[in-house]
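Asker: Following this line is model16.txt, made up of compact mmCIF, C-alpha atoms:
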# COMPACT_ATOMS: atom_id res chain seq x y z
CA MET A 1 9.83 5.77 -1.73
CA THR A 2 10.79 2.11 -1.29
CA GLU A 3 8.82 -0.78 -2.69
CA GLU A 4 6.84 -3.06 -0.39
CA ARG A 5 6.61 -6.59 -1.79
CA LEU A 6 4.19 -9.22 -0.55
CA ILE A 7 5.82 -12.56 0.18
CA ILE A 8 3.24 -15.31 0.51
CA PRO A 9 4.44 -17.99 2.97
CA ARG A 10 4.15 -21.58 1.77
CA LYS A 11 1.98 -22.27 4.83
CA THR A 12 -0.57 -19.67 3.62
CA THR A 13 -0.70 -21.13 0.10
CA ASN A 14 -1.14 -24.60 1.62
CA LYS A 15 -4.13 -23.28 3.60
CA PHE A 16 -5.73 -22.08 0.38
CA PHE A 17 -5.22 -25.47 -1.27
CA LEU A 18 -6.52 -27.17 1.88
CA THR A 19 -9.66 -25.01 1.59
CA ILE A 20 -10.09 -26.25 -2.00
CA ALA A 21 -9.49 -29.88 -0.91
CA ILE A 22 -12.05 -29.65 1.93
CA GLY A 23 -14.49 -28.11 -0.55
CA VAL A 24 -13.99 -31.00 -3.00
CA ILE A 25 -14.52 -33.60 -0.24
CA LEU A 26 -17.71 -31.88 1.00
CA LEU A 27 -19.00 -31.49 -2.56
CA ILE A 28 -18.44 -35.17 -3.37
CA ALA A 29 -20.06 -36.17 -0.06
CA GLY A 30 -23.04 -33.94 -0.82
CA ILE A 31 -23.45 -35.41 -4.31
CA ILE A 32 -23.26 -38.99 -2.98
CA ILE A 33 -25.84 -38.26 -0.25
CA MET A 34 -28.21 -36.55 -2.70
CA ALA A 35 -27.78 -39.26 -5.37
CA ALA A 36 -28.45 -41.97 -2.77
CA GLY A 37 -31.58 -40.11 -1.65
CA GLY A 38 -32.78 -39.89 -5.25
CA GLY A 39 -33.00 -36.07 -5.21
CA ALA A 40 -36.59 -36.22 -4.00
CA ASN A 41 -38.67 -33.19 -4.69
CA HIS A 42 -39.58 -31.15 -1.61
CA GLY A 43 -41.12 -28.33 -3.63
CA GLU A 44 -44.81 -29.02 -3.21
CA GLY A 45 -47.05 -26.06 -2.52
CA HIS A 46 -45.53 -23.70 -5.09
CA GLY A 47 -48.50 -23.83 -7.43
CA GLU A 48 -49.40 -25.78 -10.54
CA ALA A 49 -47.54 -23.44 -12.89
CA ALA A 50 -44.30 -23.99 -11.03
CA ALA A 51 -44.84 -27.74 -10.97
CA ALA A 52 -45.51 -27.77 -14.69
CA THR A 53 -42.38 -25.86 -15.63
CA HIS A 54 -39.86 -27.08 -13.05
CA GLU A 55 -38.94 -30.73 -12.78
CA ALA A 56 -37.69 -32.26 -9.52
CA ALA A 57 -34.10 -31.24 -8.87
CA SER A 58 -31.33 -33.76 -9.37
CA TRP A 59 -27.87 -33.56 -7.80
CA SER A 60 -26.49 -32.34 -11.16
CA LYS A 61 -28.99 -29.48 -11.27
CA ARG A 62 -28.08 -28.46 -7.73
CA LEU A 63 -24.38 -28.67 -8.61
CA PHE A 64 -24.77 -26.48 -11.71
CA MET A 65 -26.79 -23.93 -9.74
CA ASN A 66 -24.09 -23.72 -7.07
CA LEU A 67 -21.33 -23.40 -9.66
CA TRP A 68 -23.29 -20.60 -11.34
CA LEU A 69 -24.13 -18.84 -8.06
CA ASN A 70 -20.52 -18.82 -6.81
CA ASN A 71 -19.07 -17.85 -10.16
CA VAL A 72 -21.42 -14.87 -10.50
CA TYR A 73 -20.62 -13.82 -6.92
CA PHE A 74 -16.82 -14.10 -7.12
CA SER A 75 -16.61 -12.75 -10.69
CA GLY A 76 -18.60 -9.73 -9.51
CA ILE A 77 -16.16 -9.08 -6.66
CA ALA A 78 -13.27 -9.42 -9.14
CA LEU A 79 -14.90 -6.95 -11.52
CA ILE A 80 -15.51 -4.43 -8.73
CA GLY A 81 -11.74 -4.33 -8.17
CA THR A 82 -11.21 -2.67 -11.56
CA PHE A 83 -14.34 -0.54 -11.11
CA PHE A 84 -13.07 0.82 -7.78
CA VAL A 85 -9.65 1.67 -9.27
CA ALA A 86 -11.29 3.36 -12.28
CA VAL A 87 -13.54 5.49 -10.04
CA GLN A 88 -10.51 6.63 -8.03
CA TYR A 89 -8.69 7.71 -11.20
CA VAL A 90 -11.66 9.58 -12.67
CA ALA A 91 -12.33 11.30 -9.32
CA TYR A 92 -8.64 12.36 -9.04
CA ALA A 93 -8.68 10.70 -5.62
CA GLY A 94 -5.50 10.79 -3.58
CA TRP A 95 -6.50 9.04 -0.35
CA SER A 96 -6.76 5.56 -1.92
CA VAL A 97 -3.32 5.42 -3.57
CA LEU A 98 -1.76 3.36 -0.75
CA ILE A 99 -4.44 0.67 -1.01
CA LYS A 100 -5.10 0.65 -4.76
CA ARG A 101 -3.00 -2.44 -5.48
CA ILE A 102 -5.52 -4.55 -3.54
CA PRO A 103 -8.59 -3.85 -5.71
CA GLU A 104 -6.29 -4.09 -8.75
CA ALA A 105 -5.35 -7.65 -7.80
CA LEU A 106 -8.97 -8.73 -7.18
CA SER A 107 -9.53 -8.77 -10.95
CA TYR A 108 -7.00 -11.55 -11.54
CA PHE A 109 -9.92 -13.95 -11.02
CA LEU A 110 -11.79 -12.65 -14.11
CA PRO A 111 -10.24 -15.05 -16.70
CA ILE A 112 -11.09 -18.04 -14.46
CA GLY A 113 -14.61 -16.68 -13.98
CA ALA A 114 -15.01 -16.36 -17.76
CA VAL A 115 -13.96 -19.95 -18.45
CA VAL A 116 -16.11 -21.41 -15.65
CA MET A 117 -19.16 -19.40 -16.71
CA ILE A 118 -18.98 -20.48 -20.36
CA ILE A 119 -18.48 -24.16 -19.42
CA VAL A 120 -21.28 -24.17 -16.83
CA PHE A 121 -23.70 -22.49 -19.25
CA LEU A 122 -22.84 -24.90 -22.10
CA PHE A 123 -23.28 -28.01 -19.93
CA GLY A 124 -25.82 -26.84 -17.35
CA GLY A 125 -27.76 -24.10 -19.11
CA HIS A 126 -30.94 -26.20 -19.34
CA ASP A 127 -30.81 -26.84 -15.59
CA ILE A 128 -30.27 -23.18 -14.69
CA PHE A 129 -32.36 -21.28 -17.23
CA HIS A 130 -35.94 -22.28 -18.08
CA TRP A 131 -35.86 -20.11 -21.23
CA THR A 132 -33.25 -22.40 -22.88
CA HIS A 133 -35.85 -25.12 -23.59
CA GLU A 134 -36.84 -25.20 -27.27
CA TYR A 135 -40.44 -26.32 -26.71
CA LEU A 136 -41.29 -22.94 -25.12
CA TYR A 137 -40.99 -21.31 -28.56
CA ASP A 138 -42.98 -23.90 -30.53
CA VAL A 139 -46.56 -22.65 -31.04
CA ASN A 140 -47.74 -26.22 -31.71
CA ASP A 141 -46.36 -27.52 -28.40
CA THR A 142 -48.69 -27.61 -25.40
CA ARG A 143 -45.84 -26.16 -23.30
CA TYR A 144 -45.52 -23.08 -25.55
CA ASP A 145 -44.99 -19.91 -23.49
CA PRO A 146 -45.97 -16.65 -25.26
CA ILE A 147 -44.21 -14.45 -22.68
CA ILE A 148 -40.86 -16.24 -22.96
CA SER A 149 -41.27 -16.56 -26.73
CA GLY A 150 -41.75 -12.79 -26.88
CA LYS A 151 -38.32 -12.33 -25.28
CA SER A 152 -36.55 -14.67 -27.73
CA GLY A 153 -34.91 -11.81 -29.64
CA TYR A 154 -32.80 -11.10 -26.55
CA LEU A 155 -32.99 -14.37 -24.60
CA ASN A 156 -31.55 -16.93 -26.98
CA THR A 157 -28.54 -19.17 -26.48
CA ALA A 158 -26.33 -17.70 -29.24
CA PHE A 159 -26.85 -14.05 -28.26
CA PHE A 160 -26.54 -14.91 -24.55
CA LEU A 161 -23.15 -16.55 -25.14
CA ILE A 162 -21.97 -13.69 -27.36
CA ARG A 163 -22.85 -11.16 -24.64
CA MET A 164 -21.12 -13.26 -21.99
CA VAL A 165 -17.90 -13.53 -24.04
CA VAL A 166 -17.96 -9.83 -24.98
CA PHE A 167 -18.50 -8.70 -21.37
CA PHE A 168 -15.65 -10.78 -19.99
CA ALA A 169 -13.37 -9.87 -22.92
CA LEU A 170 -13.94 -6.15 -22.31
CA TRP A 171 -13.53 -6.43 -18.54
CA ILE A 172 -10.29 -8.43 -18.86
CA LEU A 173 -9.00 -6.03 -21.54
CA PHE A 174 -9.56 -2.95 -19.38
CA PHE A 175 -8.21 -4.69 -16.25
CA ASN A 176 -4.99 -5.64 -18.04
CA TRP A 177 -4.72 -2.18 -19.61
CA LEU A 178 -5.03 -0.35 -16.26
CA ARG A 179 -2.79 -2.87 -14.50
CA ARG A 180 -0.09 -2.53 -17.17
CA LEU A 181 -0.18 1.28 -16.91
CA SER A 182 0.07 1.00 -13.12
CA ILE A 183 3.11 -1.31 -13.28
CA ASN A 184 4.82 0.84 -15.95
CA GLU A 185 4.31 3.89 -13.73
CA ASP A 186 6.25 2.04 -11.00
CA LEU A 187 9.06 1.25 -13.40
CA HIS A 188 9.41 4.51 -15.33
CA GLY A 189 7.77 7.27 -13.26
CA GLY A 190 6.36 10.48 -14.71
CA THR A 191 2.74 11.59 -14.96
CA SER A 192 1.95 10.32 -18.48
CA TYR A 193 0.83 6.90 -17.21
CA TYR A 194 -1.44 8.55 -14.65
CA HIS A 195 -3.16 10.78 -17.24
CA LYS A 196 -3.57 7.83 -19.60
CA SER A 197 -5.07 5.77 -16.74
CA ILE A 198 -7.72 8.47 -16.25
CA ARG A 199 -8.72 8.27 -19.93
CA VAL A 200 -8.81 4.45 -19.88
CA SER A 201 -10.83 4.51 -16.64
CA ALA A 202 -13.39 6.88 -18.13
CA MET A 203 -13.87 4.52 -21.08
CA PHE A 204 -14.12 1.53 -18.74
CA LEU A 205 -16.80 3.17 -16.58
CA VAL A 206 -19.02 3.64 -19.64
CA VAL A 207 -18.49 -0.01 -20.61
CA PHE A 208 -19.07 -1.11 -17.00
CA GLY A 209 -22.31 0.87 -16.69
CA VAL A 210 -23.84 -0.94 -19.65
CA SER A 211 -22.26 -4.39 -19.28
CA SER A 212 -22.74 -4.86 -15.53
CA SER A 213 -26.49 -4.13 -15.79
CA MET A 214 -26.91 -6.43 -18.79
CA ALA A 215 -24.89 -9.14 -17.03
CA ALA A 216 -27.25 -8.83 -14.04
CA TRP A 217 -30.26 -9.29 -16.34
CA ASP A 218 -28.65 -12.22 -18.14
CA TRP A 219 -27.03 -14.16 -15.32
CA VAL A 220 -29.47 -13.55 -12.47
CA LEU A 221 -32.76 -11.96 -13.56
CA SER A 222 -33.40 -14.31 -16.51
CA ILE A 223 -33.51 -17.26 -14.09
CA ASP A 224 -37.01 -15.96 -13.18
CA THR A 225 -37.90 -15.51 -16.85
CA HIS A 226 -41.47 -14.22 -16.37
CA TRP A 227 -40.53 -11.68 -13.73
CA PHE A 228 -38.66 -8.43 -14.28
CA SER A 229 -37.61 -5.38 -12.35
CA THR A 230 -36.34 -2.08 -13.75
CA MET A 231 -34.15 -1.73 -10.63
CA PHE A 232 -32.49 -5.12 -10.87
CA GLY A 233 -29.27 -3.93 -12.54
CA TRP A 234 -28.75 -1.47 -9.69
CA TYR A 235 -29.62 -4.11 -7.12
CA VAL A 236 -27.01 -6.59 -8.35
CA PHE A 237 -24.45 -3.80 -8.73
CA ALA A 238 -25.06 -2.69 -5.12
CA SER A 239 -24.57 -6.25 -3.87
CA TRP A 240 -21.40 -6.72 -5.93
CA PHE A 241 -20.00 -3.32 -4.95
CA VAL A 242 -20.45 -3.65 -1.20
CA SER A 243 -18.96 -7.18 -1.41
CA GLY A 244 -15.95 -5.84 -3.36
CA LEU A 245 -15.50 -3.04 -0.81
CA ALA A 246 -15.68 -5.57 2.04
CA ALA A 247 -13.09 -7.82 0.33
CA THR A 248 -10.76 -4.83 -0.20
CA THR A 249 -11.16 -3.59 3.38
CA LEU A 250 -10.66 -7.06 4.86
CA THR A 251 -7.49 -7.58 2.79
CA VAL A 252 -6.08 -4.20 3.90
CA ILE A 253 -6.65 -5.20 7.54
CA ILE A 254 -5.11 -8.67 7.15
CA LEU A 255 -2.05 -7.27 5.35
CA LYS A 256 -1.70 -4.54 8.00
CA GLN A 257 -1.90 -7.14 10.79
CA ASN A 258 0.85 -9.14 9.06
CA GLY A 259 3.27 -6.22 8.91
CA TYR A 260 2.51 -4.88 5.44
CA LEU A 261 1.03 -1.53 4.32
CA LYS A 262 2.96 0.27 7.05
CA MET A 263 1.88 3.71 5.81
CA VAL A 264 -1.82 2.85 5.83
CA ASN A 265 -3.33 4.36 8.97
CA ALA A 266 -6.66 4.82 10.75
CA ASN A 267 -7.64 7.57 8.30
CA HIS A 268 -7.53 5.18 5.33
CA LEU A 269 -9.49 2.60 7.31
CA HIS A 270 -12.00 5.29 8.20
CA ASP A 271 -12.62 6.06 4.52
CA LEU A 272 -12.97 2.37 3.66
CA GLY A 273 -15.35 2.01 6.62
CA LYS A 274 -17.41 4.93 5.32
CA PHE A 275 -17.63 3.28 1.91
CA VAL A 276 -18.78 -0.03 3.41
CA PHE A 277 -21.26 1.77 5.69
CA ALA A 278 -22.65 3.99 2.92
CA PHE A 279 -23.07 1.27 0.32
CA SER A 280 -24.68 -1.11 2.80
CA ILE A 281 -27.31 1.61 3.16
CA PHE A 282 -27.41 2.08 -0.63
CA TRP A 283 -28.00 -1.65 -1.14
CA THR A 284 -30.84 -1.46 1.42
CA TYR A 285 -32.32 1.58 -0.32
CA VAL A 286 -32.46 -0.30 -3.65
CA TRP A 287 -33.77 -3.45 -1.91
CA PHE A 288 -36.52 -1.52 -0.14
CA SER A 289 -37.50 0.51 -3.22
CA GLN A 290 -37.90 -2.66 -5.27
CA PHE A 291 -39.77 -4.53 -2.53
CA MET A 292 -42.02 -1.66 -1.46
CA LEU A 293 -43.24 -0.84 -4.99
CA ILE A 294 -44.09 -4.48 -5.72
CA TRP A 295 -45.71 -5.04 -2.32
CA TYR A 296 -47.79 -1.84 -2.59
CA ALA A 297 -48.97 -2.50 -6.17
CA ASN A 298 -49.72 -6.14 -5.30
CA ILE A 299 -49.84 -7.27 -8.94
CA PRO A 300 -49.78 -11.10 -8.99
CA GLU A 301 -47.15 -11.48 -11.76
CA GLU A 302 -44.81 -9.15 -9.83
CA SER A 303 -45.51 -10.20 -6.23
CA ILE A 304 -44.92 -13.93 -6.98
CA TYR A 305 -41.16 -13.24 -6.85
CA PHE A 306 -41.33 -12.20 -3.20
CA LEU A 307 -44.03 -14.71 -2.28
CA ASP A 308 -41.64 -17.49 -3.33
CA ARG A 309 -38.92 -15.99 -1.14
CA LEU A 310 -41.23 -15.42 1.82
CA GLY A 311 -42.49 -19.01 1.75
CA ASP A 312 -41.50 -21.53 4.41
CA HIS A 313 -38.37 -22.67 2.58
CA TYR A 314 -36.60 -19.30 2.13
CA ALA A 315 -38.19 -17.00 4.73
CA TRP A 316 -35.31 -17.34 7.21
CA ILE A 317 -32.76 -16.37 4.53
CA PHE A 318 -34.98 -13.44 3.48
CA PHE A 319 -34.86 -11.92 6.98
CA VAL A 320 -31.26 -12.93 7.78
CA ASN A 321 -30.30 -11.19 4.52
CA LEU A 322 -31.66 -7.88 5.83
CA LEU A 323 -30.18 -8.30 9.30
CA ILE A 324 -26.67 -9.20 8.17
CA ASN A 325 -26.44 -6.81 5.19
CA PHE A 326 -28.13 -3.75 6.64
CA VAL A 327 -28.94 -3.83 10.36
CA PHE A 328 -25.58 -5.25 11.49
CA PRO A 329 -23.21 -2.97 9.49
CA PHE A 330 -25.48 0.04 10.10
CA LEU A 331 -25.44 -0.35 13.87
CA VAL A 332 -21.80 -1.42 14.22
CA LEU A 333 -20.22 1.13 11.86
CA MET A 334 -22.35 4.12 12.83
CA THR A 335 -19.70 5.80 14.98
CA ARG A 336 -16.43 7.36 13.82
CA ASP A 337 -14.38 5.18 16.18
CA ALA A 338 -15.85 1.93 14.86
CA LYS A 339 -14.77 2.80 11.30
CA ARG A 340 -11.18 3.29 12.52
CA GLN A 341 -10.87 0.03 14.47
CA MET A 342 -9.54 -2.98 12.61
CA ILE A 343 -11.41 -5.54 14.72
CA MET A 344 -14.78 -3.85 14.10
CA LEU A 345 -14.16 -3.55 10.37
CA LYS A 346 -12.92 -7.14 10.21
CA ILE A 347 -16.08 -8.53 11.84
CA VAL A 348 -18.39 -6.41 9.66
CA THR A 349 -16.62 -7.15 6.36
CA ILE A 350 -16.62 -10.92 6.99
CA ALA A 351 -20.35 -10.72 7.85
CA ILE A 352 -21.05 -8.71 4.66
CA LEU A 353 -19.18 -11.20 2.45
CA ILE A 354 -21.27 -14.05 3.89
CA GLY A 355 -24.43 -11.93 3.82
CA HIS A 356 -24.16 -11.00 0.16
CA TRP A 357 -23.42 -14.60 -0.80
CA LEU A 358 -26.81 -15.31 0.84
CA ASP A 359 -28.26 -12.39 -1.12
CA PHE A 360 -27.20 -13.97 -4.43
CA TYR A 361 -28.43 -17.35 -3.16
CA LEU A 362 -31.85 -15.77 -2.55
CA MET A 363 -31.83 -14.15 -5.99
CA MET A 364 -31.09 -17.40 -7.83
CA MET A 365 -32.19 -20.54 -6.01
CA PRO A 366 -35.98 -20.09 -5.69
CA GLY A 367 -36.35 -19.55 -9.45
CA THR A 368 -34.69 -22.87 -10.33
CA MET A 369 -34.52 -25.16 -7.32
CA ARG A 370 -37.89 -24.18 -5.82
CA GLY A 371 -38.28 -26.20 -2.62
CA ASP A 372 -35.34 -28.50 -3.38
CA ALA A 373 -32.71 -25.96 -2.38
CA GLY A 374 -30.85 -26.04 0.89
CA ILE A 375 -27.52 -25.07 2.38
CA GLY A 376 -25.70 -28.36 2.76
CA PHE A 377 -22.48 -30.09 1.75
CA ILE A 378 -22.90 -29.21 -1.94
CA GLU A 379 -23.34 -25.48 -1.22
CA ILE A 380 -20.54 -25.26 1.37
CA GLY A 381 -18.20 -27.43 -0.70
CA THR A 382 -18.67 -25.44 -3.92
CA THR A 383 -18.22 -22.14 -2.08
CA LEU A 384 -14.99 -23.34 -0.41
CA ILE A 385 -13.58 -24.44 -3.79
CA PHE A 386 -14.31 -21.04 -5.33
CA LEU A 387 -12.98 -19.22 -2.24
CA GLY A 388 -9.73 -21.20 -2.36
CA VAL A 389 -9.22 -20.61 -6.08
CA PHE A 390 -10.06 -16.92 -5.68
CA LEU A 391 -7.55 -16.50 -2.83
CA VAL A 392 -4.79 -18.27 -4.78
CA THR A 393 -5.25 -16.04 -7.86
CA PHE A 394 -5.77 -12.88 -5.79
CA THR A 395 -2.66 -13.34 -3.63
CA LYS A 396 -0.52 -14.26 -6.65
CA GLY A 397 -1.71 -11.05 -8.29
CA LEU A 398 -0.87 -9.06 -5.15
CA ALA A 399 2.65 -10.52 -5.09
CA LYS A 400 3.37 -9.54 -8.71
CA ALA A 401 3.91 -5.85 -7.92
CA SER A 402 4.85 -3.57 -5.05
CA LEU A 403 2.00 -3.03 -2.58
CA VAL A 404 2.97 0.66 -2.66
CA PRO A 405 2.63 2.35 -6.09
CA VAL A 406 5.98 4.10 -5.68
CA ASN A 407 5.71 6.61 -8.55
CA HIS A 408 2.03 7.54 -8.31
CA PRO A 409 1.77 11.37 -8.42
CA PHE A 410 -0.66 11.43 -5.45
CA LEU A 411 1.36 9.08 -3.23
CA GLU A 412 2.46 11.84 -0.83
CA GLU A 413 -1.15 13.01 -0.50
CA SER A 414 -2.19 9.47 0.43
CA ILE A 415 0.61 9.12 3.00
CA HIS A 416 -0.47 12.34 4.72
CA HIS A 417 -4.20 11.69 4.33
CA HIS A 418 -6.22 12.84 7.33
CA VAL A 419 -9.97 12.82 8.01
Can the structure in the file be given as structure tokens, please?
Answerer:
Amino acid sequence: MTEERLIIPRKTTNKFFLTIAIGVILLIAGIIIMAAGGGANHGEGHGEAAAATHEAASWSKRLFMNLWLNNVYFSGIALIGTFFVAVQYVAYAGWSVLIKRIPEALSYFLPIGAVVMIIVFLFGGHDIFHWTHEYLYDVNDTRYDPIISGKSGYLNTAFFLIRMVVFFALWILFFNWLRRLSINEDLHGGTSYYHKSIRVSAMFLVVFGVSSSMAAWDWVLSIDTHWFSTMFGWYVFASWFVSGLAATTLTVIILKQNGYLKMVNANHLHDLGKFVFAFSIFWTYVWFSQFMLIWYANIPEESIYFLDRLGDHYAWIFFVNLLINFVFPFLVLMTRDAKRQMIMLKIVTIAILIGHWLDFYLMMMPGTMRGDAGIGFIEIGTTLIFLGVFLVTFTKGLAKASLVPVNHPFLEESIHHHV
């Protein structure tokens, strides 16, 4: 079997850097506009408790929140790349062999995500996380918060940073380990690398199960420090996973349209389409289960989370989130034919990637920005910068190895895959 190498045209790389440049310009413009306007607070009507604990948002606070939001979103997609590959190994899956180099390459963003996350937390942690303020733990201070103080054994800056570093270190370690085995299999052949990959994948899935849930609690849930949900780890995982599947599927289609992945056919697309369809429904199942239980119980300290998101400022995102992440993919991908057509999959996957960015926006912004949030130059600019950087690292990773894993023991099965 011959190798299939990705050659990235200079024009394509220039487009990625242009995306970054446009993002920088929009971000600077947004900061100037917000600084000139004084960052006035538009968050009235959220209650006295919110007003007491959340100061009016400055441009720096909005910037840090957007850096955090995008980094959590793109790092999650990168992590799902390794998760997807590991699941395929442990399941002894053959169908996915022809496309496995794409999720592998997604994880090249992880080291950048680690650096950005540590820097943003060190410099913007007070803006993002209410629990980082020392006065909350001082019994003699009028602002003392017994609930947050009670969580100090877990929610403290040192332990938070240690967890962050450990999670990224483990994820990067397992990504590099699996990637190295995959490349060595190309070079040397044999089945020993495959069997070792299964063992490494099994270890990674245990690490992933614990670390991804804890990361969701740390990086997203702790923004709303008083609120908690026992389903939140699953909820963030579902959002990450369907986004990672959409990114993988979209990349397969774009490569196929540009003359690569010649052996990938409608059957492989069908399976990717089924994954995207199924996990859009899974995300909705977790969303509904969490919402329905809180709505039905109607306990004030639980329902406040959704009341904030159903207020005037975020209500449109709340409903668009459901339409774009459930209704649209459910209706469009319901038939067998739709899952086998590149144009249908392309439209749905792009919609899902935008939709789940909005999902993370809705998870994070109300807890910190209150009524000061919006989707303007700062949001669009920051997202374009991250998108450009992600695409540069992802495509460089794709170009480092053959798109076809030439010595994978299940390659023939994947070539002749039929559903």
Asker: For a test of reading the model, state the distance in Å between CA of Tyr154 in chain A and CA of Tyr137 in chain A, rounded to one decimal.
Answerer: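 CA of Tyr137 in chain A lies 13.2 Å from CA of Tyr154 in chain A.
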Asker: Find the residues near range 188-200 of chain A: any atom within 8 Å, counting all atoms listed in the file, skip ones fewer than 4 places away on the same chain, and give them as number ranges by chain.
Answerer: A: 86, 89-90, 174, 177-178, 181-182, 184, 204, 407-409
Asker: To one decimal place, how far is CA of Gly30 in chain A from CA of Leu353 in chain A in Å?
Answerer: 23.3 Å
Asker: Kindly list the centre and edge lengths in Å, rounded to one decimal, for the axis-aligned box that covers all listed atoms of range 106-112 of chain A plus 8 Å on each of its six sides, as lines of an AutoDock Vina configuration file.
Answerer:
center_x = -9.4
center_y = -13.4
center_z = -11.9
size_x = 20.8
size_y = 25.3
size_z = 25.5
Asker: With a distance cut-off of 12 Å and all atoms listed in the file, select the neighbouring residues of Met231 in chain A, excluding the residue or stretch itself and same-chain residues fewer than 6 positions from it, and output the selection as a compact mmCIF listing (two decimals) with C-alpha atoms, in the coordinates of the input.
Answerer:
# COMPACT_ATOMS: atom_id res chain seq x y z
CA SER A 213 -26.49 -4.13 -15.79
CA MET A 214 -26.91 -6.43 -18.79
CA ALA A 216 -27.25 -8.83 -14.04
CA TRP A 217 -30.26 -9.29 -16.34
CA LEU A 221 -32.76 -11.96 -13.56
CA PHE A 237 -24.45 -3.80 -8.73
CA ALA A 238 -25.06 -2.69 -5.12
CA TRP A 283 -28.00 -1.65 -1.14
CA TYR A 285 -32.32 1.58 -0.32
CA VAL A 286 -32.46 -0.30 -3.65
CA TRP A 287 -33.77 -3.45 -1.91
CA PHE A 288 -36.52 -1.52 -0.14
CA SER A 289 -37.50 0.51 -3.22
CA GLN A 290 -37.90 -2.66 -5.27
CA PHE A 291 -39.77 -4.53 -2.53
CA LEU A 293 -43.24 -0.84 -4.99
CA ILE A 294 -44.09 -4.48 -5.72
